[in-house]
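One structure is given here, and the rest of the page talks about it.
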Amino acid sequence: KRQPVEGFNIASNSRSCSIAFSPDGRVMDVVREGNVFYFNYRIDVSRNVSPGVYYAYIDVHYRCRNADDYHTATVRVRLGISDYPPMMLRVDRVYWSSQKVFAGSVDEVLNIVLANIGDSSIENARLRFVFPHAVYPDSVEIELGRLEPNESTTITLEGLDIVYDAKPGIYIGYIYINATLSTDDGVLYESSSVLSFMYEIDPVPTTLLNIVDYGFTGLRIVNNTVAARFYLDLQILNDTTVYTAVAKFSIVEGGHFENLSRTAVAIVEGAYGYGDILTLESSQITILDKTIVLDVSITILGDLEGAEYWKTFNYTFVLAVGEPRVDISVVDVYWSSNRAYPGTSNTDLVIVLENLDVVELRSCKAKLRFPSGFEPHIAK
């Protein structure tokens, strides 16, 4: 017969008395000298019982052979109560869905493989992933379902951006876990832990942009030109695909843009691959000196093997500007009467001129000097 201890109760599907059983489970009516036997009980242990060692007492009622009287022997039984098995999760692998990620990469996916190496099952858990550096958002929370002992699962964190100024290297992140676990006999309990994991940011690829051509649009640009545009042709010389190029033009000296600002922006969008040429063109420039100094900063959105990144290139251009001049060429000369003869009078002479320079001629006056034999000698 069992004598319960505080915190230990007889299970509802059991009785307080047990008959003797042999080690192979048979009922023993007679226990001889040297026999081994056991009593079988079902006990409920209260959650208020702390882990440790407890003692219970069993009253064994028996009678000897050929005797009618019963006797009672009280036996002390040692009961050990264990701590709940610790939650034991291990980070087996961490990898990006893209081959590589770089500073400026957006909408990336990080995969984390977790293994339950403990003795208890995880019934459910709330996981908070923390990225102290380089990743936005810097905290992501997810719910985890049941995970048996020796079972693994892959957690996918989507929509992660790598901050623009992230330096390449290996970073450490943390997983804060609050979980409900169950033992192999169905006892539920709560536990928490913190794991660390490593994630890598790759160096931004070396994007090769070769300057093919640059200068001003138009045949000739001179001082005091008011409608010049600066252009820059760049050729892509590696496997990067450029989707966007943003050029910032800054006039250091020698002029200004049409809105009197010294800064202008141009944007080119598309899908430019190996060998393609990007042409970037500024807004109109008013040139005020013989030399113009122009800083150009170009930021590209590139893609390499599925990972996007931003990279900036800086150039300085010094361009000499010519002086305006009058360059007039005679295109044709003819008589209005088609021919002139000695003695022809009162006939018109037509002279066709072409302005070959960029300057505009306004209010022009022509003065013609004729050789002897022509009247008048000078015509205006």
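Just so we're on the same page: first chain in the structure tokens is A, next is B, and so on; residues restart at 1 for each chain, and ligands are numbered from 1 in the order they show up.
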Would you pick out the contacts of stretch 363-373 of chain A at 12 Å or less, using only C-alpha atoms, so that residues sharing its chain but fewer than 6 positions from it are not included, and give the list as a list of chain:residue names?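 That gives A:Val326, A:Ile328, A:Tyr341, A:Pro342, A:Gly343, A:Thr344, A:Ser345, A:Leu349, A:Val350, A:Ile351, A:Val352, A:Leu353, A:Asn355, A:Ala379, A:Lys380.
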Selection file, N, CA and C atoms, as a tab-separated table (two decimals), in the first residue's frame:
```tsv
chain	number	residue	atom	x	y	z
A	326	VAL	N	33.82	85.10	-86.23
A	326	VAL	CA	32.98	85.17	-87.42
A	326	VAL	C	33.65	84.35	-88.52
A	328	ILE	N	32.62	83.28	-92.15
A	328	ILE	CA	31.66	83.37	-93.24
A	328	ILE	C	32.31	82.86	-94.52
A	341	TYR	N	27.72	91.45	-119.48
A	341	TYR	CA	28.64	91.68	-120.60
A	341	TYR	C	29.28	93.05	-120.45
A	342	PRO	N	30.36	93.23	-121.15
A	342	PRO	CA	30.91	94.59	-121.14
A	342	PRO	C	29.86	95.59	-121.60
A	343	GLY	N	29.67	96.58	-120.81
A	343	GLY	CA	28.65	97.57	-121.13
A	343	GLY	C	27.32	97.30	-120.47
A	344	THR	N	27.16	96.10	-119.75
A	344	THR	CA	25.89	95.84	-119.05
A	344	THR	C	25.71	96.84	-117.94
A	345	SER	N	24.54	97.35	-117.81
A	345	SER	CA	24.28	98.34	-116.77
A	345	SER	C	23.03	97.94	-115.98
A	349	LEU	N	23.85	91.96	-108.70
A	349	LEU	CA	24.82	90.92	-108.35
A	349	LEU	C	24.37	90.25	-107.05
A	350	VAL	N	24.23	88.93	-107.03
A	350	VAL	CA	23.78	88.17	-105.84
A	350	VAL	C	24.97	87.40	-105.27
A	351	ILE	N	25.25	87.66	-104.02
A	351	ILE	CA	26.33	86.94	-103.33
A	351	ILE	C	25.69	86.13	-102.19
A	352	VAL	N	25.86	84.78	-102.17
A	352	VAL	CA	25.30	83.88	-101.14
A	352	VAL	C	26.40	83.54	-100.14
A	353	LEU	N	26.14	83.88	-98.87
A	353	LEU	CA	27.11	83.63	-97.80
A	353	LEU	C	26.57	82.57	-96.82
A	355	ASN	N	27.15	81.21	-92.71
A	355	ASN	CA	27.78	81.41	-91.41
A	355	ASN	C	28.24	80.04	-90.89
A	379	ALA	N	30.08	99.40	-102.89
A	379	ALA	CA	28.65	99.25	-102.68
A	379	ALA	C	28.37	98.84	-101.25
A	380	LYS	N	27.33	99.44	-100.68
A	380	LYS	CA	26.96	99.11	-99.29
A	380	LYS	C	25.54	98.60	-99.26
```
Residues near stretch 266-271 of chain A, cut-off 12 Å, only C-alpha atoms, skip fewer than 3 positions along chain, as an mmCIF file with all heavy atoms, in the first residue's frame:
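So the final result, stored in out.cif, reads:
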```cif
data_model
loop_
_atom_site.group_PDB
_atom_site.id
_atom_site.type_symbol
_atom_site.label_atom_id
_atom_site.label_comp_id
_atom_site.auth_asym_id
_atom_site.auth_seq_id
_atom_site.Cartn_x
_atom_site.Cartn_y
_atom_site.Cartn_z
ATOM 1 N N ARG A 229 25.131 71.184 -73.875
ATOM 2 C CA ARG A 229 24.846 70.061 -72.976
ATOM 3 C C ARG A 229 26.098 69.191 -72.905
ATOM 4 O O ARG A 229 26.729 68.913 -73.931
ATOM 5 C CB ARG A 229 23.671 69.216 -73.472
ATOM 6 C CG ARG A 229 22.325 69.933 -73.445
ATOM 7 C CD ARG A 229 21.236 69.020 -73.996
ATOM 8 N NE ARG A 229 19.968 69.702 -74.102
ATOM 9 C CZ ARG A 229 19.049 69.722 -73.141
ATOM 10 N NH1 ARG A 229 19.279 69.080 -72.002
ATOM 11 N NH2 ARG A 229 17.913 70.365 -73.307
ATOM 12 N N PHE A 230 26.432 68.757 -71.683
ATOM 13 C CA PHE A 230 27.560 67.851 -71.516
ATOM 14 C C PHE A 230 27.049 66.412 -71.603
ATOM 15 O O PHE A 230 26.017 66.077 -71.022
ATOM 16 C CB PHE A 230 28.238 68.077 -70.160
ATOM 17 C CG PHE A 230 29.374 67.123 -69.886
ATOM 18 C CD1 PHE A 230 30.626 67.350 -70.423
ATOM 19 C CD2 PHE A 230 29.167 66.001 -69.103
ATOM 20 C CE1 PHE A 230 31.677 66.479 -70.169
ATOM 21 C CE2 PHE A 230 30.209 65.120 -68.843
ATOM 22 C CZ PHE A 230 31.461 65.355 -69.377
ATOM 23 N N TYR A 231 27.758 65.570 -72.336
ATOM 24 C CA TYR A 231 27.368 64.166 -72.445
ATOM 25 C C TYR A 231 28.550 63.281 -72.061
ATOM 26 O O TYR A 231 29.720 63.663 -72.170
ATOM 27 C CB TYR A 231 26.891 63.823 -73.862
ATOM 28 C CG TYR A 231 27.992 63.783 -74.893
ATOM 29 C CD1 TYR A 231 28.680 62.604 -75.166
ATOM 30 C CD2 TYR A 231 28.366 64.943 -75.589
ATOM 31 C CE1 TYR A 231 29.713 62.572 -76.102
ATOM 32 C CE2 TYR A 231 29.390 64.922 -76.522
ATOM 33 C CZ TYR A 231 30.063 63.733 -76.771
ATOM 34 O OH TYR A 231 31.075 63.700 -77.688
ATOM 35 N N LEU A 232 28.223 62.070 -71.584
ATOM 36 C CA LEU A 232 29.234 61.094 -71.179
ATOM 37 C C LEU A 232 28.766 59.713 -71.610
ATOM 38 O O LEU A 232 27.672 59.274 -71.241
ATOM 39 C CB LEU A 232 29.437 61.147 -69.659
ATOM 40 C CG LEU A 232 30.370 60.115 -69.033
ATOM 41 C CD1 LEU A 232 31.787 60.261 -69.589
ATOM 42 C CD2 LEU A 232 30.384 60.265 -67.511
ATOM 43 N N ASP A 233 29.585 59.028 -72.413
ATOM 44 C CA ASP A 233 29.292 57.661 -72.866
ATOM 45 C C ASP A 233 30.153 56.676 -72.086
ATOM 46 O O ASP A 233 31.384 56.783 -72.092
ATOM 47 C CB ASP A 233 29.573 57.503 -74.366
ATOM 48 C CG ASP A 233 28.590 58.286 -75.224
ATOM 49 O OD1 ASP A 233 27.492 58.589 -74.723
ATOM 50 O OD2 ASP A 233 28.925 58.589 -76.384
ATOM 51 N N LEU A 234 29.515 55.715 -71.403
ATOM 52 C CA LEU A 234 30.208 54.714 -70.599
ATOM 53 C C LEU A 234 29.854 53.322 -71.115
ATOM 54 O O LEU A 234 28.686 53.020 -71.364
ATOM 55 C CB LEU A 234 29.818 54.827 -69.130
ATOM 56 C CG LEU A 234 30.143 56.148 -68.435
ATOM 57 C CD1 LEU A 234 29.487 56.196 -67.067
ATOM 58 C CD2 LEU A 234 31.651 56.317 -68.307
ATOM 59 N N ILE A 236 29.943 49.152 -70.377
ATOM 60 C CA ILE A 236 30.031 48.147 -69.318
ATOM 61 C C ILE A 236 30.947 47.016 -69.792
ATOM 62 O O ILE A 236 30.728 46.432 -70.856
ATOM 63 C CB ILE A 236 28.634 47.595 -68.974
ATOM 64 C CG1 ILE A 236 27.719 48.739 -68.529
ATOM 65 C CG2 ILE A 236 28.725 46.531 -67.883
ATOM 66 C CD1 ILE A 236 26.276 48.340 -68.385
ATOM 67 N N THR A 240 28.077 42.449 -64.907
ATOM 68 C CA THR A 240 27.035 43.166 -64.169
ATOM 69 C C THR A 240 25.945 43.662 -65.123
ATOM 70 O O THR A 240 26.229 44.118 -66.225
ATOM 71 C CB THR A 240 27.641 44.360 -63.415
ATOM 72 O OG1 THR A 240 28.490 43.865 -62.381
ATOM 73 C CG2 THR A 240 26.551 45.229 -62.803
ATOM 74 N N THR A 241 24.702 43.556 -64.674
ATOM 75 C CA THR A 241 23.588 44.183 -65.386
ATOM 76 C C THR A 241 23.222 45.469 -64.655
ATOM 77 O O THR A 241 22.957 45.454 -63.453
ATOM 78 C CB THR A 241 22.367 43.253 -65.455
ATOM 79 O OG1 THR A 241 22.718 42.065 -66.152
ATOM 80 C CG2 THR A 241 21.216 43.940 -66.187
ATOM 81 N N VAL A 242 23.253 46.577 -65.369
ATOM 82 C CA VAL A 242 22.927 47.877 -64.782
ATOM 83 C C VAL A 242 21.479 48.218 -65.125
ATOM 84 O O VAL A 242 21.109 48.273 -66.300
ATOM 85 C CB VAL A 242 23.877 48.978 -65.297
ATOM 86 C CG1 VAL A 242 23.436 50.340 -64.769
ATOM 87 C CG2 VAL A 242 25.307 48.675 -64.877
ATOM 88 N N TYR A 243 20.671 48.430 -64.092
ATOM 89 C CA TYR A 243 19.264 48.762 -64.287
ATOM 90 C C TYR A 243 18.998 50.267 -64.188
ATOM 91 O O TYR A 243 18.098 50.784 -64.837
ATOM 92 C CB TYR A 243 18.400 48.025 -63.264
ATOM 93 C CG TYR A 243 18.322 46.542 -63.502
ATOM 94 C CD1 TYR A 243 18.935 45.641 -62.634
ATOM 95 C CD2 TYR A 243 17.651 46.027 -64.602
ATOM 96 C CE1 TYR A 243 18.866 44.274 -62.853
ATOM 97 C CE2 TYR A 243 17.580 44.665 -64.829
ATOM 98 C CZ TYR A 243 18.184 43.797 -63.953
ATOM 99 O OH TYR A 243 18.126 42.451 -64.179
ATOM 100 N N THR A 244 19.767 50.937 -63.365
ATOM 101 C CA THR A 244 19.562 52.375 -63.184
ATOM 102 C C THR A 244 20.918 53.050 -63.027
ATOM 103 O O THR A 244 21.802 52.528 -62.341
ATOM 104 C CB THR A 244 18.707 52.661 -61.931
ATOM 105 O OG1 THR A 244 17.451 52.000 -62.055
ATOM 106 C CG2 THR A 244 18.470 54.160 -61.765
ATOM 107 N N ALA A 245 21.071 54.198 -63.678
ATOM 108 C CA ALA A 245 22.260 55.031 -63.484
ATOM 109 C C ALA A 245 21.792 56.449 -63.204
ATOM 110 O O ALA A 245 21.013 57.019 -63.972
ATOM 111 C CB ALA A 245 23.162 54.996 -64.714
ATOM 112 N N VAL A 246 22.242 56.991 -62.087
ATOM 113 C CA VAL A 246 21.889 58.350 -61.696
ATOM 114 C C VAL A 246 23.157 59.197 -61.730
ATOM 115 O O VAL A 246 24.123 58.903 -61.013
ATOM 116 C CB VAL A 246 21.258 58.387 -60.296
ATOM 117 C CG1 VAL A 246 20.905 59.815 -59.904
ATOM 118 C CG2 VAL A 246 20.022 57.497 -60.239
ATOM 119 N N ALA A 247 23.170 60.206 -62.579
ATOM 120 C CA ALA A 247 24.347 61.072 -62.720
ATOM 121 C C ALA A 247 24.061 62.435 -62.097
ATOM 122 O O ALA A 247 23.030 63.050 -62.375
ATOM 123 C CB ALA A 247 24.728 61.232 -64.183
ATOM 124 N N LYS A 248 24.983 62.886 -61.260
ATOM 125 C CA LYS A 248 24.908 64.227 -60.685
ATOM 126 C C LYS A 248 26.029 65.062 -61.297
ATOM 127 O O LYS A 248 27.211 64.767 -61.125
ATOM 128 C CB LYS A 248 25.046 64.173 -59.171
ATOM 129 C CG LYS A 248 25.001 65.545 -58.510
ATOM 130 C CD LYS A 248 25.213 65.431 -57.016
ATOM 131 C CE LYS A 248 25.220 66.801 -56.348
ATOM 132 N NZ LYS A 248 25.490 66.711 -54.899
ATOM 133 N N PHE A 249 25.645 66.080 -62.038
ATOM 134 C CA PHE A 249 26.608 66.975 -62.685
ATOM 135 C C PHE A 249 26.776 68.216 -61.806
ATOM 136 O O PHE A 249 25.793 68.875 -61.465
ATOM 137 C CB PHE A 249 26.121 67.400 -64.074
ATOM 138 C CG PHE A 249 25.871 66.248 -65.014
ATOM 139 C CD1 PHE A 249 24.600 65.687 -65.120
ATOM 140 C CD2 PHE A 249 26.890 65.715 -65.779
ATOM 141 C CE1 PHE A 249 24.352 64.634 -65.982
ATOM 142 C CE2 PHE A 249 26.663 64.666 -66.645
ATOM 143 C CZ PHE A 249 25.389 64.115 -66.749
ATOM 144 N N SER A 250 28.024 68.529 -61.478
ATOM 145 C CA SER A 250 28.303 69.712 -60.647
ATOM 146 C C SER A 250 29.335 70.567 -61.359
ATOM 147 O O SER A 250 30.463 70.115 -61.605
ATOM 148 C CB SER A 250 28.819 69.295 -59.268
ATOM 149 O OG SER A 250 27.861 68.504 -58.588
ATOM 150 N N THR A 263 24.195 72.606 -60.207
ATOM 151 C CA THR A 263 23.993 71.162 -60.072
ATOM 152 C C THR A 263 22.800 70.734 -60.906
ATOM 153 O O THR A 263 21.773 71.408 -60.936
ATOM 154 C CB THR A 263 23.750 70.775 -58.599
ATOM 155 O OG1 THR A 263 24.865 71.209 -57.813
ATOM 156 C CG2 THR A 263 23.611 69.263 -58.451
ATOM 157 N N TYR A 274 26.869 43.444 -70.568
ATOM 158 C CA TYR A 274 28.248 43.513 -71.057
ATOM 159 C C TYR A 274 28.302 44.117 -72.461
ATOM 160 O O TYR A 274 27.591 43.692 -73.363
ATOM 161 C CB TYR A 274 28.855 42.113 -71.080
ATOM 162 C CG TYR A 274 30.295 42.091 -71.546
ATOM 163 C CD1 TYR A 274 31.329 42.319 -70.654
ATOM 164 C CD2 TYR A 274 30.606 41.870 -72.886
ATOM 165 C CE1 TYR A 274 32.646 42.318 -71.072
ATOM 166 C CE2 TYR A 274 31.923 41.869 -73.320
ATOM 167 C CZ TYR A 274 32.940 42.093 -72.405
ATOM 168 O OH TYR A 274 34.230 42.087 -72.836
ATOM 169 N N GLY A 275 29.168 45.114 -72.615
ATOM 170 C CA GLY A 275 29.364 45.744 -73.913
ATOM 171 C C GLY A 275 28.404 46.871 -74.222
ATOM 172 O O GLY A 275 28.635 47.642 -75.170
ATOM 173 N N ASP A 276 27.316 46.999 -73.465
ATOM 174 C CA ASP A 276 26.354 48.072 -73.724
ATOM 175 C C ASP A 276 26.933 49.422 -73.301
ATOM 176 O O ASP A 276 27.808 49.508 -72.433
ATOM 177 C CB ASP A 276 25.040 47.823 -72.988
ATOM 178 C CG ASP A 276 24.274 46.636 -73.557
ATOM 179 O OD1 ASP A 276 24.547 46.273 -74.708
ATOM 180 O OD2 ASP A 276 23.424 46.078 -72.846
ATOM 181 N N ILE A 277 26.417 50.480 -73.918
ATOM 182 C CA ILE A 277 26.886 51.833 -73.641
ATOM 183 C C ILE A 277 25.769 52.643 -72.989
ATOM 184 O O ILE A 277 24.640 52.679 -73.476
ATOM 185 C CB ILE A 277 27.376 52.531 -74.931
ATOM 186 C CG1 ILE A 277 28.632 51.829 -75.445
ATOM 187 C CG2 ILE A 277 27.656 54.014 -74.678
ATOM 188 C CD1 ILE A 277 29.180 52.405 -76.722
ATOM 189 N N LEU A 278 26.110 53.251 -71.866
ATOM 190 C CA LEU A 278 25.213 54.175 -71.166
ATOM 191 C C LEU A 278 25.567 55.595 -71.586
ATOM 192 O O LEU A 278 26.731 56.003 -71.506
ATOM 193 C CB LEU A 278 25.380 54.044 -69.658
ATOM 194 C CG LEU A 278 24.887 52.767 -68.970
ATOM 195 C CD1 LEU A 278 25.444 52.698 -67.562
ATOM 196 C CD2 LEU A 278 23.376 52.754 -68.929
ATOM 197 N N THR A 279 24.578 56.348 -72.019
ATOM 198 C CA THR A 279 24.802 57.754 -72.369
ATOM 199 C C THR A 279 24.060 58.624 -71.367
ATOM 200 O O THR A 279 22.841 58.526 -71.225
ATOM 201 C CB THR A 279 24.326 58.061 -73.794
ATOM 202 O OG1 THR A 279 25.084 57.276 -74.723
ATOM 203 C CG2 THR A 279 24.519 59.531 -74.114
ATOM 204 N N LEU A 280 24.814 59.467 -70.680
ATOM 205 C CA LEU A 280 24.256 60.376 -69.687
ATOM 206 C C LEU A 280 24.465 61.798 -70.186
ATOM 207 O O LEU A 280 25.573 62.176 -70.584
ATOM 208 C CB LEU A 280 24.945 60.176 -68.341
ATOM 209 C CG LEU A 280 24.758 58.770 -67.744
ATOM 210 C CD1 LEU A 280 25.827 58.479 -66.719
ATOM 211 C CD2 LEU A 280 23.375 58.649 -67.126
ATOM 212 N N GLU A 281 23.403 62.609 -70.138
ATOM 213 C CA GLU A 281 23.458 63.953 -70.701
ATOM 214 C C GLU A 281 22.879 64.953 -69.705
ATOM 215 O O GLU A 281 21.822 64.721 -69.114
ATOM 216 C CB GLU A 281 22.682 64.002 -72.012
ATOM 217 C CG GLU A 281 22.819 65.308 -72.771
ATOM 218 C CD GLU A 281 22.152 65.236 -74.128
ATOM 219 O OE1 GLU A 281 22.612 64.457 -74.994
ATOM 220 O OE2 GLU A 281 21.149 65.948 -74.317
ATOM 221 N N SER A 282 23.586 66.047 -69.522
ATOM 222 C CA SER A 282 23.150 67.060 -68.569
ATOM 223 C C SER A 282 22.065 67.936 -69.184
ATOM 224 O O SER A 282 21.781 67.878 -70.385
ATOM 225 C CB SER A 282 24.343 67.925 -68.156
ATOM 226 O OG SER A 282 24.686 68.819 -69.208
ATOM 227 N N SER A 283 21.507 68.791 -68.368
ATOM 228 C CA SER A 283 20.622 69.829 -68.883
ATOM 229 C C SER A 283 21.480 70.934 -69.496
ATOM 230 O O SER A 283 22.716 70.893 -69.464
ATOM 231 C CB SER A 283 19.748 70.378 -67.764
ATOM 232 O OG SER A 283 20.538 70.827 -66.684
ATOM 233 N N GLN A 284 20.845 71.957 -70.072
ATOM 234 C CA GLN A 284 21.574 72.988 -70.805
ATOM 235 C C GLN A 284 22.485 73.801 -69.878
ATOM 236 O O GLN A 284 22.131 74.116 -68.747
ATOM 237 C CB GLN A 284 20.601 73.917 -71.524
ATOM 238 C CG GLN A 284 19.871 73.240 -72.676
ATOM 239 C CD GLN A 284 19.000 74.209 -73.434
ATOM 240 O OE1 GLN A 284 18.792 75.340 -73.026
ATOM 241 N NE2 GLN A 284 18.475 73.755 -74.573
ATOM 242 N N VAL A 296 31.382 64.870 -62.076
ATOM 243 C CA VAL A 296 30.262 63.983 -62.384
ATOM 244 C C VAL A 296 30.313 62.799 -61.427
ATOM 245 O O VAL A 296 31.314 62.082 -61.368
ATOM 246 C CB VAL A 296 30.306 63.481 -63.841
ATOM 247 C CG1 VAL A 296 29.096 62.594 -64.125
ATOM 248 C CG2 VAL A 296 30.345 64.653 -64.809
ATOM 249 N N SER A 297 29.237 62.615 -60.673
ATOM 250 C CA SER A 297 29.107 61.475 -59.766
ATOM 251 C C SER A 297 28.004 60.561 -60.297
ATOM 252 O O SER A 297 26.862 61.001 -60.459
ATOM 253 C CB SER A 297 28.777 61.946 -58.348
ATOM 254 O OG SER A 297 28.568 60.843 -57.490
ATOM 255 N N ILE A 298 28.350 59.307 -60.563
ATOM 256 C CA ILE A 298 27.396 58.372 -61.163
ATOM 257 C C ILE A 298 27.162 57.218 -60.186
ATOM 258 O O ILE A 298 28.109 56.537 -59.782
ATOM 259 C CB ILE A 298 27.915 57.819 -62.506
ATOM 260 C CG1 ILE A 298 28.149 58.969 -63.477
ATOM 261 C CG2 ILE A 298 26.940 56.803 -63.087
ATOM 262 C CD1 ILE A 298 28.803 58.546 -64.762
ATOM 263 N N THR A 299 25.920 57.018 -59.801
ATOM 264 C CA THR A 299 25.539 55.902 -58.929
ATOM 265 C C THR A 299 24.700 54.934 -59.735
ATOM 266 O O THR A 299 23.694 55.323 -60.325
ATOM 267 C CB THR A 299 24.747 56.402 -57.711
ATOM 268 O OG1 THR A 299 25.555 57.321 -56.977
ATOM 269 C CG2 THR A 299 24.375 55.235 -56.800
ATOM 270 N N ILE A 300 25.128 53.667 -59.736
ATOM 271 C CA ILE A 300 24.407 52.653 -60.509
ATOM 272 C C ILE A 300 23.739 51.647 -59.587
ATOM 273 O O ILE A 300 24.212 51.375 -58.484
ATOM 274 C CB ILE A 300 25.337 51.909 -61.489
ATOM 275 C CG1 ILE A 300 26.355 51.059 -60.709
ATOM 276 C CG2 ILE A 300 26.034 52.858 -62.439
ATOM 277 C CD1 ILE A 300 27.052 50.026 -61.552
ATOM 278 N N LEU A 301 22.604 51.130 -60.043
ATOM 279 C CA LEU A 301 21.982 49.963 -59.428
ATOM 280 C C LEU A 301 22.331 48.779 -60.314
ATOM 281 O O LEU A 301 21.853 48.682 -61.449
ATOM 282 C CB LEU A 301 20.464 50.125 -59.320
ATOM 283 C CG LEU A 301 19.689 48.862 -58.877
ATOM 284 C CD1 LEU A 301 20.139 48.406 -57.500
ATOM 285 C CD2 LEU A 301 18.187 49.129 -58.897
ATOM 286 N N GLY A 302 23.209 47.912 -59.797
ATOM 287 C CA GLY A 302 23.667 46.770 -60.573
ATOM 288 C C GLY A 302 23.112 45.469 -60.037
ATOM 289 O O GLY A 302 22.618 45.381 -58.913
ATOM 290 N N ASP A 303 23.196 44.441 -60.857
ATOM 291 C CA ASP A 303 22.748 43.096 -60.482
ATOM 292 C C ASP A 303 23.812 42.108 -60.927
ATOM 293 O O ASP A 303 24.211 42.079 -62.090
ATOM 294 C CB ASP A 303 21.414 42.769 -61.143
ATOM 295 C CG ASP A 303 20.893 41.390 -60.733
ATOM 296 O OD1 ASP A 303 21.441 40.391 -61.225
ATOM 297 O OD2 ASP A 303 19.946 41.313 -59.943
#
```
Just the strand (DSSP E or B) stuff from stretch 115-281 of chain A, please, per backbone DSSP, written as number ranges by chain. A: 115-116, 121-130, 135-136, 139-144, 147, 152-162, 169-182, 188-201, 209-216, 222, 228, 230-236, 241-253, 255-257, 263-272, 277-281
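Computed from the coordinates, the atom CA of A:Asp107 to atom CA of A:Leu208 distance equals 24.8 Å.
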Minimum-distance residue to A:Lys100, chosen among A:Val321, A:Asn346, A:Asp202, A:Ala228 (using only C-alpha atoms):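 Of the candidates, the smallest distance to A:Lys100 is held by A:Asp202.
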Please compute the atom CA of A:Asn40-atom CA of A:Phe21 distance, one decimal, in Å.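 Computing it gives 8.0 Å between the two atoms.
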Show which residues sit within 6 Å of stretch 87-93 of chain A, as a list in words. Count only C-alpha atoms, and ignore same-chain residues fewer than 4 positions away. Ile112, Val113, Leu114, Ala115, Asn116, Ile117 and Gly118 of chain A
Once you have the residues from the selection above, write them out as a PDB file, in the first residue's frame, restricted to all heavy atoms.
```pdb
ATOM      1  N   ILE A 112      17.837  29.980 -42.422  1.00  0.00           N
ATOM      2  CA  ILE A 112      18.517  29.505 -41.212  1.00  0.00           C
ATOM      3  C   ILE A 112      17.985  28.123 -40.874  1.00  0.00           C
ATOM      4  O   ILE A 112      16.776  27.943 -40.687  1.00  0.00           O
ATOM      5  CB  ILE A 112      18.308  30.474 -40.039  1.00  0.00           C
ATOM      6  CG1 ILE A 112      18.847  31.865 -40.403  1.00  0.00           C
ATOM      7  CG2 ILE A 112      18.968  29.946 -38.777  1.00  0.00           C
ATOM      8  CD1 ILE A 112      18.593  32.911 -39.353  1.00  0.00           C
ATOM      9  N   VAL A 113      18.881  27.138 -40.823  1.00  0.00           N
ATOM     10  CA  VAL A 113      18.504  25.757 -40.520  1.00  0.00           C
ATOM     11  C   VAL A 113      18.719  25.521 -39.030  1.00  0.00           C
ATOM     12  O   VAL A 113      19.842  25.650 -38.525  1.00  0.00           O
ATOM     13  CB  VAL A 113      19.324  24.763 -41.353  1.00  0.00           C
ATOM     14  CG1 VAL A 113      18.912  23.324 -40.998  1.00  0.00           C
ATOM     15  CG2 VAL A 113      19.136  25.019 -42.847  1.00  0.00           C
ATOM     16  N   LEU A 114      17.632  25.184 -38.318  1.00  0.00           N
ATOM     17  CA  LEU A 114      17.683  24.900 -36.886  1.00  0.00           C
ATOM     18  C   LEU A 114      17.430  23.416 -36.646  1.00  0.00           C
ATOM     19  O   LEU A 114      16.557  22.817 -37.286  1.00  0.00           O
ATOM     20  CB  LEU A 114      16.646  25.722 -36.127  1.00  0.00           C
ATOM     21  CG  LEU A 114      16.849  27.238 -36.053  1.00  0.00           C
ATOM     22  CD1 LEU A 114      15.699  27.867 -35.270  1.00  0.00           C
ATOM     23  CD2 LEU A 114      18.174  27.573 -35.409  1.00  0.00           C
ATOM     24  N   ALA A 115      18.184  22.830 -35.708  1.00  0.00           N
ATOM     25  CA  ALA A 115      18.012  21.422 -35.340  1.00  0.00           C
ATOM     26  C   ALA A 115      17.692  21.333 -33.857  1.00  0.00           C
ATOM     27  O   ALA A 115      18.308  22.015 -33.029  1.00  0.00           O
ATOM     28  CB  ALA A 115      19.270  20.629 -35.664  1.00  0.00           C
ATOM     29  N   ASN A 116      16.714  20.484 -33.520  1.00  0.00           N
ATOM     30  CA  ASN A 116      16.378  20.213 -32.123  1.00  0.00           C
ATOM     31  C   ASN A 116      17.239  19.043 -31.652  1.00  0.00           C
ATOM     32  O   ASN A 116      17.029  17.900 -32.046  1.00  0.00           O
ATOM     33  CB  ASN A 116      14.893  19.863 -31.991  1.00  0.00           C
ATOM     34  CG  ASN A 116      14.481  19.623 -30.546  1.00  0.00           C
ATOM     35  OD1 ASN A 116      15.288  19.767 -29.621  1.00  0.00           O
ATOM     36  ND2 ASN A 116      13.223  19.253 -30.346  1.00  0.00           N
ATOM     37  N   ILE A 117      18.247  19.345 -30.841  1.00  0.00           N
ATOM     38  CA  ILE A 117      19.152  18.298 -30.366  1.00  0.00           C
ATOM     39  C   ILE A 117      18.889  17.969 -28.892  1.00  0.00           C
ATOM     40  O   ILE A 117      19.693  17.291 -28.246  1.00  0.00           O
ATOM     41  CB  ILE A 117      20.611  18.718 -30.563  1.00  0.00           C
ATOM     42  CG1 ILE A 117      20.914  20.018 -29.832  1.00  0.00           C
ATOM     43  CG2 ILE A 117      20.931  18.871 -32.056  1.00  0.00           C
ATOM     44  CD1 ILE A 117      22.398  20.404 -29.855  1.00  0.00           C
ATOM     45  N   GLY A 118      17.761  18.448 -28.370  1.00  0.00           N
ATOM     46  CA  GLY A 118      17.399  18.161 -26.990  1.00  0.00           C
ATOM     47  C   GLY A 118      16.551  16.900 -26.870  1.00  0.00           C
ATOM     48  O   GLY A 118      16.249  16.217 -27.853  1.00  0.00           O
TER      49      GLY A 118
END
```
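Nearest to A:Glu108 of all the residues A:Val135, A:Ile287, A:Val94, A:Val140 is A:Val135, based on only C-alpha atoms.
Restricting the calculation to only C-alpha atoms, the smallest distance between A:Glu6 and any of A:Val45, A:Val31, A:Ala166, A:Val60 is found for A:Val45.
Residues in contact range of A:Gly80, defined as at most 10 Å between only C-alpha atoms, with sequence neighbours fewer than 2 positions away removed, read A:Pro51, A:Gly52, A:Val53, A:Tyr54, A:Tyr55, A:Val77, A:Arg78, A:Ser82, A:Asp83.
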